[in-house]
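Trainee: Handing you this structure, nothing more for now.
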Amino acid sequence: MQNRGITLVELLIALAVMAVAFGALVFSQVVNYQATARAGVVSQVKDTATQILENKVGEVLANFTLYYNGCRTGNESGNGFVCSGTGFTIKSGITEGLQGEGQVLILASATSQGITINLATKVSCYDGFASRTAAIRSDNLEPCPPVN
């Protein structure tokens, strides 16, 4: 019986198979890293847009009639009272709402590394008051704007 070892061709084939497997593993890890990094950026951008939106909702609720009838902050432009500033736009919807009492549309936007997140919500004066009657009977609360 003759003792045969590994030939050079067999060794090269084994190395080539291992190189292909290693390359596939490295490629999948790079793609996974890129997806994780992008998800992190999206999360940060969404957090920023949410923070802007929540701050503006608080401002609008605290001063609803001022935002409903005009522009309290930012730059006022166009008909229908459109306020805009860094990362936000506020639009008065005078004829909107369940009974025409009006709503204020708040748009927030944040951008980073080519990713833009836009969020929006509508605020009615009833979000800040328990009821229209309670707001009218109290001396320190402003009632909802009159129904058209």
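By convention in this document, the chains of the structure tokens carry letters A, B, ... by their order, each chain's residues are numbered from 1, and ligands are numbered from 1 in the order they are shown.
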Would you pick out the contacts of range 106-116 of chain A at 6 Å or less, using only C-alpha atoms, so that residues sharing its chain but fewer than 4 positions from it are not included, and give the list as an NGL selection string?
Mentor: :A and (45 or 49 or 53 or 87-90 or 120-121)
Trainee: Which residue gives the smallest distance to Ser124 in chain A among A:Ile6, A:Ala62, A:Cys83, A:Ala16, with only C-alpha atoms counted?
Mentor: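 Among the listed residues, the smallest separation from Ser124 in chain A belongs to A:Ala62.
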